[in-house]
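All remarks here apply to the structure that follows.
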Amino acid sequence: MQVKLSDIIEAIDFTDDGMTYYYNKKTGEVELVVDGMADDDAVADEIEDNFDQYLRLPSHYEINDYQKMVEFIAGLPAGKEA
């Protein structure tokens, strides 16, 4: 199964307080759950009942770009001294 990267990026970019996106590993679809929305109760119940089938996507608040750069630099081989 192919994952549509654009769907994942869009979900992370558009997440907000009270919104949680989940990736369905079987169907490849991204599901949105909004706190307090009656329509989302069925989706939330499905995710809860089959939690091993879903991956919770991080919000844009949970992604630390600076820390990613620090970890990348730390993983590089030592450079040559001039």
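Going by the structure tokens order, chains are called A, B, ..., each with residues numbered from 1, while ligands are numbered from 1 in the order shown.
Residues within 7 Å of A:Gln53, counting only C-alpha atoms and excluding same-chain residues fewer than 2 positions away, are Asn24, Lys25, Lys26, Asn50 and Phe51 of chain A.
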Need the shell around A:His60: protein/DNA/RNA residues with any atom at most 8 Å away, counting only C-alpha atoms. Skip same-chain ones fewer than 2 positions apart. Format as a list in words? Ile12, Asp13, Thr15, Pro58, Glu62 and Ile63 of chain A
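With atom CA of A:Tyr54 on one side and atom CA of A:Asp16 on the other, the separation reads 19.4 Å.
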Please return, as a ChimeraX atom specification, all residues of chain A that DSSP assigns to helix (DSSP H, G or I) on the basis of the backbone. /A:5-14,40-49,51-53,65-74
I want to know what sits within 10 Å of A:Ala11, based on only C-alpha atoms, with residues of the same chain fewer than 4 positions away left out; could you give that as a PyMOL selection string? chain A and resi 5-7+15-16+19-23+30-32+57-60
Could you write those residues out with all heavy atoms, as a tab-separated table (two decimals), in the first residue's frame?
chain	number	residue	atom	x	y	z
A	5	LEU	N	1.86	10.99	0.80
A	5	LEU	CA	2.60	11.90	1.67
A	5	LEU	C	1.90	13.25	1.79
A	5	LEU	O	1.89	13.87	2.85
A	5	LEU	CB	4.03	12.06	1.17
A	5	LEU	CG	4.97	12.87	2.05
A	5	LEU	CD1	5.05	12.28	3.44
A	5	LEU	CD2	6.34	12.95	1.41
A	6	SER	N	1.28	13.69	0.72
A	6	SER	CA	0.58	14.98	0.76
A	6	SER	C	-0.55	14.97	1.78
A	6	SER	O	-0.81	15.98	2.44
A	6	SER	CB	0.05	15.35	-0.63
A	6	SER	OG	-0.87	14.38	-1.08
A	7	ASP	N	-1.22	13.82	1.95
A	7	ASP	CA	-2.29	13.71	2.95
A	7	ASP	C	-1.73	13.82	4.36
A	7	ASP	O	-2.32	14.47	5.23
A	7	ASP	CB	-3.03	12.38	2.82
A	7	ASP	CG	-3.89	12.29	1.57
A	7	ASP	OD1	-4.11	13.34	0.92
A	7	ASP	OD2	-4.34	11.19	1.25
A	15	THR	N	-3.62	20.69	11.62
A	15	THR	CA	-4.08	20.31	12.95
A	15	THR	C	-4.15	21.53	13.85
A	15	THR	O	-3.44	22.50	13.67
A	15	THR	CB	-3.18	19.22	13.55
A	15	THR	OG1	-3.80	18.71	14.71
A	15	THR	CG2	-1.83	19.76	13.93
A	16	ASP	N	-5.07	21.47	14.79
A	16	ASP	CA	-5.29	22.59	15.71
A	16	ASP	C	-5.73	22.00	17.04
A	16	ASP	O	-5.98	20.79	17.15
A	16	ASP	CB	-6.36	23.52	15.13
A	16	ASP	CG	-6.32	24.91	15.73
A	16	ASP	OD1	-5.46	25.18	16.59
A	16	ASP	OD2	-7.16	25.74	15.34
A	19	MET	N	-8.23	18.94	17.62
A	19	MET	CA	-8.24	18.12	16.40
A	19	MET	C	-7.12	17.10	16.49
A	19	MET	O	-6.00	17.43	16.87
A	19	MET	CB	-8.00	18.99	15.17
A	19	MET	CG	-9.04	20.05	14.94
A	19	MET	SD	-8.56	21.21	13.63
A	19	MET	CE	-8.54	20.16	12.20
A	20	THR	N	-7.43	15.87	16.14
A	20	THR	CA	-6.42	14.82	16.11
A	20	THR	C	-6.60	14.03	14.83
A	20	THR	O	-7.71	13.64	14.47
A	20	THR	CB	-6.57	13.87	17.32
A	20	THR	OG1	-6.58	14.64	18.52
A	20	THR	CG2	-5.42	12.88	17.37
A	21	TYR	N	-5.50	13.82	14.13
A	21	TYR	CA	-5.52	13.03	12.90
A	21	TYR	C	-4.92	11.66	13.18
A	21	TYR	O	-3.96	11.53	13.93
A	21	TYR	CB	-4.71	13.71	11.79
A	21	TYR	CG	-5.41	14.87	11.15
A	21	TYR	CD1	-5.24	16.16	11.62
A	21	TYR	CD2	-6.24	14.68	10.05
A	21	TYR	CE1	-5.88	17.24	11.03
A	21	TYR	CE2	-6.88	15.75	9.44
A	21	TYR	CZ	-6.69	17.03	9.93
A	21	TYR	OH	-7.32	18.09	9.34
A	22	TYR	N	-5.50	10.65	12.54
A	22	TYR	CA	-5.01	9.27	12.66
A	22	TYR	C	-4.81	8.70	11.25
A	22	TYR	O	-5.63	8.95	10.36
A	22	TYR	CB	-6.01	8.39	13.40
A	22	TYR	CG	-6.18	8.77	14.85
A	22	TYR	CD1	-7.10	9.72	15.24
A	22	TYR	CD2	-5.39	8.18	15.83
A	22	TYR	CE1	-7.25	10.07	16.57
A	22	TYR	CE2	-5.54	8.52	17.16
A	22	TYR	CZ	-6.47	9.46	17.52
A	22	TYR	OH	-6.61	9.81	18.84
A	23	TYR	N	-3.75	7.94	11.10
A	23	TYR	CA	-3.49	7.25	9.83
A	23	TYR	C	-3.95	5.81	9.98
A	23	TYR	O	-3.54	5.10	10.91
A	23	TYR	CB	-2.00	7.30	9.49
A	23	TYR	CG	-1.64	6.44	8.31
A	23	TYR	CD1	-2.02	6.80	7.03
A	23	TYR	CD2	-0.97	5.24	8.49
A	23	TYR	CE1	-1.71	6.00	5.95
A	23	TYR	CE2	-0.65	4.44	7.42
A	23	TYR	CZ	-1.03	4.81	6.15
A	23	TYR	OH	-0.74	4.01	5.08
A	30	VAL	N	-6.40	8.97	6.03
A	30	VAL	CA	-6.18	9.81	7.20
A	30	VAL	C	-7.54	10.21	7.74
A	30	VAL	O	-8.38	10.74	7.02
A	30	VAL	CB	-5.34	11.06	6.84
A	30	VAL	CG1	-5.19	11.97	8.04
A	30	VAL	CG2	-3.97	10.65	6.31
A	31	GLU	N	-7.76	9.92	9.02
A	31	GLU	CA	-9.04	10.21	9.68
A	31	GLU	C	-8.87	11.39	10.63
A	31	GLU	O	-7.88	11.46	11.36
A	31	GLU	CB	-9.52	8.99	10.47
A	31	GLU	CG	-9.69	7.74	9.66
A	31	GLU	CD	-10.93	7.73	8.79
A	31	GLU	OE1	-11.78	8.63	8.94
A	31	GLU	OE2	-11.05	6.82	7.96
A	32	LEU	N	-9.83	12.27	10.66
A	32	LEU	CA	-9.84	13.43	11.55
A	32	LEU	C	-10.87	13.22	12.64
A	32	LEU	O	-12.01	12.84	12.36
A	32	LEU	CB	-10.18	14.70	10.76
A	32	LEU	CG	-10.49	15.95	11.59
A	32	LEU	CD1	-9.29	16.39	12.42
A	32	LEU	CD2	-10.97	17.07	10.69
A	57	LEU	N	-1.15	10.85	14.31
A	57	LEU	CA	-0.19	11.74	13.69
A	57	LEU	C	0.14	12.88	14.65
A	57	LEU	O	-0.73	13.35	15.38
A	57	LEU	CB	-0.75	12.31	12.38
A	57	LEU	CG	-1.07	11.29	11.29
A	57	LEU	CD1	-1.65	11.97	10.08
A	57	LEU	CD2	0.17	10.50	10.91
A	58	PRO	N	1.38	13.33	14.65
A	58	PRO	CA	1.74	14.43	15.54
A	58	PRO	C	1.12	15.74	15.06
A	58	PRO	O	0.87	15.92	13.88
A	58	PRO	CB	3.27	14.50	15.44
A	58	PRO	CG	3.57	13.95	14.08
A	58	PRO	CD	2.52	12.89	13.83
A	59	SER	N	0.90	16.63	16.01
A	59	SER	CA	0.43	17.96	15.63
A	59	SER	C	1.65	18.79	15.26
A	59	SER	O	2.78	18.41	15.55
A	59	SER	CB	-0.31	18.62	16.79
A	59	SER	OG	0.60	18.98	17.81
A	60	HIS	N	1.41	19.93	14.63
A	60	HIS	CA	2.55	20.77	14.27
A	60	HIS	C	3.21	21.34	15.53
A	60	HIS	O	4.35	21.77	15.49
A	60	HIS	CB	2.15	21.87	13.28
A	60	HIS	CG	1.12	22.82	13.76
A	60	HIS	ND1	-0.22	22.59	13.62
A	60	HIS	CD2	1.23	24.01	14.39
A	60	HIS	CE1	-0.90	23.58	14.15
A	60	HIS	NE2	-0.04	24.46	14.62
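Closest to A:Val33 among A:Ile9, A:Ile47, A:Val70, A:Leu76 is A:Ile47, based on only C-alpha atoms.
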Among chain A, which ones does DSSP place in strand (DSSP E), written as a PDB file with all heavy atoms, in the first residue's frame?
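Wrote it out as part.pdb, contents follow:
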ATOM      1  N   MET A  19      -8.232  18.942  17.620  1.00  0.00           N
ATOM      2  CA  MET A  19      -8.238  18.124  16.401  1.00  0.00           C
ATOM      3  C   MET A  19      -7.116  17.098  16.487  1.00  0.00           C
ATOM      4  O   MET A  19      -6.000  17.428  16.869  1.00  0.00           O
ATOM      5  CB  MET A  19      -8.001  18.995  15.167  1.00  0.00           C
ATOM      6  CG  MET A  19      -9.038  20.051  14.937  1.00  0.00           C
ATOM      7  SD  MET A  19      -8.560  21.210  13.626  1.00  0.00           S
ATOM      8  CE  MET A  19      -8.541  20.155  12.201  1.00  0.00           C
ATOM      9  N   THR A  20      -7.432  15.868  16.142  1.00  0.00           N
ATOM     10  CA  THR A  20      -6.424  14.817  16.112  1.00  0.00           C
ATOM     11  C   THR A  20      -6.595  14.028  14.828  1.00  0.00           C
ATOM     12  O   THR A  20      -7.707  13.637  14.471  1.00  0.00           O
ATOM     13  CB  THR A  20      -6.567  13.869  17.316  1.00  0.00           C
ATOM     14  OG1 THR A  20      -6.578  14.638  18.523  1.00  0.00           O
ATOM     15  CG2 THR A  20      -5.415  12.877  17.372  1.00  0.00           C
ATOM     16  N   TYR A  21      -5.501  13.821  14.125  1.00  0.00           N
ATOM     17  CA  TYR A  21      -5.521  13.025  12.899  1.00  0.00           C
ATOM     18  C   TYR A  21      -4.918  11.658  13.175  1.00  0.00           C
ATOM     19  O   TYR A  21      -3.955  11.526  13.932  1.00  0.00           O
ATOM     20  CB  TYR A  21      -4.711  13.706  11.789  1.00  0.00           C
ATOM     21  CG  TYR A  21      -5.414  14.870  11.146  1.00  0.00           C
ATOM     22  CD1 TYR A  21      -5.239  16.162  11.624  1.00  0.00           C
ATOM     23  CD2 TYR A  21      -6.245  14.676  10.049  1.00  0.00           C
ATOM     24  CE1 TYR A  21      -5.875  17.238  11.025  1.00  0.00           C
ATOM     25  CE2 TYR A  21      -6.882  15.752   9.442  1.00  0.00           C
ATOM     26  CZ  TYR A  21      -6.690  17.026   9.930  1.00  0.00           C
ATOM     27  OH  TYR A  21      -7.319  18.086   9.339  1.00  0.00           O
ATOM     28  N   TYR A  22      -5.496  10.646  12.538  1.00  0.00           N
ATOM     29  CA  TYR A  22      -5.007   9.271  12.657  1.00  0.00           C
ATOM     30  C   TYR A  22      -4.815   8.704  11.255  1.00  0.00           C
ATOM     31  O   TYR A  22      -5.632   8.948  10.365  1.00  0.00           O
ATOM     32  CB  TYR A  22      -6.011   8.393  13.405  1.00  0.00           C
ATOM     33  CG  TYR A  22      -6.179   8.768  14.853  1.00  0.00           C
ATOM     34  CD1 TYR A  22      -7.105   9.719  15.242  1.00  0.00           C
ATOM     35  CD2 TYR A  22      -5.389   8.175  15.826  1.00  0.00           C
ATOM     36  CE1 TYR A  22      -7.255  10.072  16.566  1.00  0.00           C
ATOM     37  CE2 TYR A  22      -5.535   8.521  17.158  1.00  0.00           C
ATOM     38  CZ  TYR A  22      -6.470   9.462  17.520  1.00  0.00           C
ATOM     39  OH  TYR A  22      -6.609   9.810  18.843  1.00  0.00           O
ATOM     40  N   TYR A  23      -3.748   7.938  11.101  1.00  0.00           N
ATOM     41  CA  TYR A  23      -3.486   7.247   9.835  1.00  0.00           C
ATOM     42  C   TYR A  23      -3.953   5.806   9.981  1.00  0.00           C
ATOM     43  O   TYR A  23      -3.538   5.101  10.912  1.00  0.00           O
ATOM     44  CB  TYR A  23      -2.004   7.304   9.495  1.00  0.00           C
ATOM     45  CG  TYR A  23      -1.645   6.438   8.315  1.00  0.00           C
ATOM     46  CD1 TYR A  23      -2.018   6.804   7.031  1.00  0.00           C
ATOM     47  CD2 TYR A  23      -0.966   5.240   8.494  1.00  0.00           C
ATOM     48  CE1 TYR A  23      -1.712   6.000   5.953  1.00  0.00           C
ATOM     49  CE2 TYR A  23      -0.652   4.435   7.416  1.00  0.00           C
ATOM     50  CZ  TYR A  23      -1.030   4.815   6.149  1.00  0.00           C
ATOM     51  OH  TYR A  23      -0.741   4.011   5.082  1.00  0.00           O
ATOM     52  N   ASN A  24      -4.820   5.353   9.084  1.00  0.00           N
ATOM     53  CA  ASN A  24      -5.310   3.987   9.083  1.00  0.00           C
ATOM     54  C   ASN A  24      -4.328   3.135   8.282  1.00  0.00           C
ATOM     55  O   ASN A  24      -4.175   3.317   7.074  1.00  0.00           O
ATOM     56  CB  ASN A  24      -6.710   3.932   8.464  1.00  0.00           C
ATOM     57  CG  ASN A  24      -7.321   2.560   8.533  1.00  0.00           C
ATOM     58  OD1 ASN A  24      -6.645   1.547   8.388  1.00  0.00           O
ATOM     59  ND2 ASN A  24      -8.617   2.513   8.755  1.00  0.00           N
ATOM     60  N   VAL A  30      -6.402   8.974   6.030  1.00  0.00           N
ATOM     61  CA  VAL A  30      -6.176   9.812   7.201  1.00  0.00           C
ATOM     62  C   VAL A  30      -7.539  10.213   7.745  1.00  0.00           C
ATOM     63  O   VAL A  30      -8.378  10.737   7.016  1.00  0.00           O
ATOM     64  CB  VAL A  30      -5.340  11.062   6.844  1.00  0.00           C
ATOM     65  CG1 VAL A  30      -5.193  11.973   8.042  1.00  0.00           C
ATOM     66  CG2 VAL A  30      -3.975  10.651   6.313  1.00  0.00           C
ATOM     67  N   GLU A  31      -7.757   9.922   9.023  1.00  0.00           N
ATOM     68  CA  GLU A  31      -9.037  10.212   9.677  1.00  0.00           C
ATOM     69  C   GLU A  31      -8.869  11.385  10.634  1.00  0.00           C
ATOM     70  O   GLU A  31      -7.881  11.462  11.362  1.00  0.00           O
ATOM     71  CB  GLU A  31      -9.524   8.994  10.473  1.00  0.00           C
ATOM     72  CG  GLU A  31      -9.689   7.736   9.661  1.00  0.00           C
ATOM     73  CD  GLU A  31     -10.926   7.731   8.790  1.00  0.00           C
ATOM     74  OE1 GLU A  31     -11.777   8.627   8.942  1.00  0.00           O
ATOM     75  OE2 GLU A  31     -11.046   6.825   7.964  1.00  0.00           O
ATOM     76  N   LEU A  32      -9.835  12.272  10.656  1.00  0.00           N
ATOM     77  CA  LEU A  32      -9.836  13.430  11.550  1.00  0.00           C
ATOM     78  C   LEU A  32     -10.873  13.221  12.641  1.00  0.00           C
ATOM     79  O   LEU A  32     -12.009  12.842  12.361  1.00  0.00           O
ATOM     80  CB  LEU A  32     -10.176  14.703  10.764  1.00  0.00           C
ATOM     81  CG  LEU A  32     -10.493  15.954  11.592  1.00  0.00           C
ATOM     82  CD1 LEU A  32      -9.285  16.390  12.420  1.00  0.00           C
ATOM     83  CD2 LEU A  32     -10.966  17.070  10.690  1.00  0.00           C
ATOM     84  N   VAL A  33     -10.456  13.489  13.883  1.00  0.00           N
ATOM     85  CA  VAL A  33     -11.383  13.476  15.007  1.00  0.00           C
ATOM     86  C   VAL A  33     -11.326  14.858  15.640  1.00  0.00           C
ATOM     87  O   VAL A  33     -10.256  15.336  16.022  1.00  0.00           O
ATOM     88  CB  VAL A  33     -11.005  12.388  16.042  1.00  0.00           C
ATOM     89  CG1 VAL A  33     -11.916  12.465  17.248  1.00  0.00           C
ATOM     90  CG2 VAL A  33     -11.055  11.014  15.407  1.00  0.00           C
ATOM     91  N   VAL A  34     -12.490  15.502  15.738  1.00  0.00           N
ATOM     92  CA  VAL A  34     -12.599  16.827  16.340  1.00  0.00           C
ATOM     93  C   VAL A  34     -13.362  16.678  17.648  1.00  0.00           C
ATOM     94  O   VAL A  34     -14.480  16.154  17.659  1.00  0.00           O
ATOM     95  CB  VAL A  34     -13.325  17.828  15.409  1.00  0.00           C
ATOM     96  CG1 VAL A  34     -13.434  19.191  16.065  1.00  0.00           C
ATOM     97  CG2 VAL A  34     -12.615  17.924  14.074  1.00  0.00           C
ATOM     98  N   TYR A  54      -4.407   1.955  13.767  1.00  0.00           N
ATOM     99  CA  TYR A  54      -4.235   3.387  13.534  1.00  0.00           C
ATOM    100  C   TYR A  54      -2.953   3.923  14.151  1.00  0.00           C
ATOM    101  O   TYR A  54      -2.512   3.454  15.190  1.00  0.00           O
ATOM    102  CB  TYR A  54      -5.415   4.169  14.126  1.00  0.00           C
ATOM    103  CG  TYR A  54      -6.710   3.936  13.392  1.00  0.00           C
ATOM    104  CD1 TYR A  54      -7.550   2.890  13.739  1.00  0.00           C
ATOM    105  CD2 TYR A  54      -7.090   4.764  12.348  1.00  0.00           C
ATOM    106  CE1 TYR A  54      -8.737   2.673  13.063  1.00  0.00           C
ATOM    107  CE2 TYR A  54      -8.273   4.556  11.667  1.00  0.00           C
ATOM    108  CZ  TYR A  54      -9.095   3.510  12.033  1.00  0.00           C
ATOM    109  OH  TYR A  54     -10.264   3.295  11.355  1.00  0.00           O
ATOM    110  N   LEU A  55      -2.396   4.916  13.497  1.00  0.00           N
ATOM    111  CA  LEU A  55      -1.266   5.669  14.043  1.00  0.00           C
ATOM    112  C   LEU A  55      -1.723   7.102  14.252  1.00  0.00           C
ATOM    113  O   LEU A  55      -2.260   7.727  13.335  1.00  0.00           O
ATOM    114  CB  LEU A  55      -0.090   5.678  13.058  1.00  0.00           C
ATOM    115  CG  LEU A  55       0.620   4.374  12.795  1.00  0.00           C
ATOM    116  CD1 LEU A  55       1.661   4.563  11.701  1.00  0.00           C
ATOM    117  CD2 LEU A  55       1.282   3.877  14.056  1.00  0.00           C
ATOM    118  N   ARG A  56      -1.500   7.607  15.454  1.00  0.00           N
ATOM    119  CA  ARG A  56      -1.840   9.008  15.734  1.00  0.00           C
ATOM    120  C   ARG A  56      -0.756   9.875  15.116  1.00  0.00           C
ATOM    121  O   ARG A  56       0.426   9.668  15.352  1.00  0.00           O
ATOM    122  CB  ARG A  56      -1.912   9.248  17.236  1.00  0.00           C
ATOM    123  CG  ARG A  56      -2.312  10.651  17.597  1.00  0.00           C
ATOM    124  CD  ARG A  56      -2.261  10.820  19.122  1.00  0.00           C
ATOM    125  NE  ARG A  56      -2.111  12.191  19.484  1.00  0.00           N
ATOM    126  CZ  ARG A  56      -0.987  12.906  19.419  1.00  0.00           C
ATOM    127  NH1 ARG A  56       0.125  12.359  19.021  1.00  0.00           N
ATOM    128  NH2 ARG A  56      -0.960  14.167  19.779  1.00  0.00           N
TER     129      ARG A  56
END
Pick from A:Lys80, A:Tyr61, A:Gln2, A:Val43: nearest to A:Phe14, with only C-alpha atoms counted? A:Tyr61
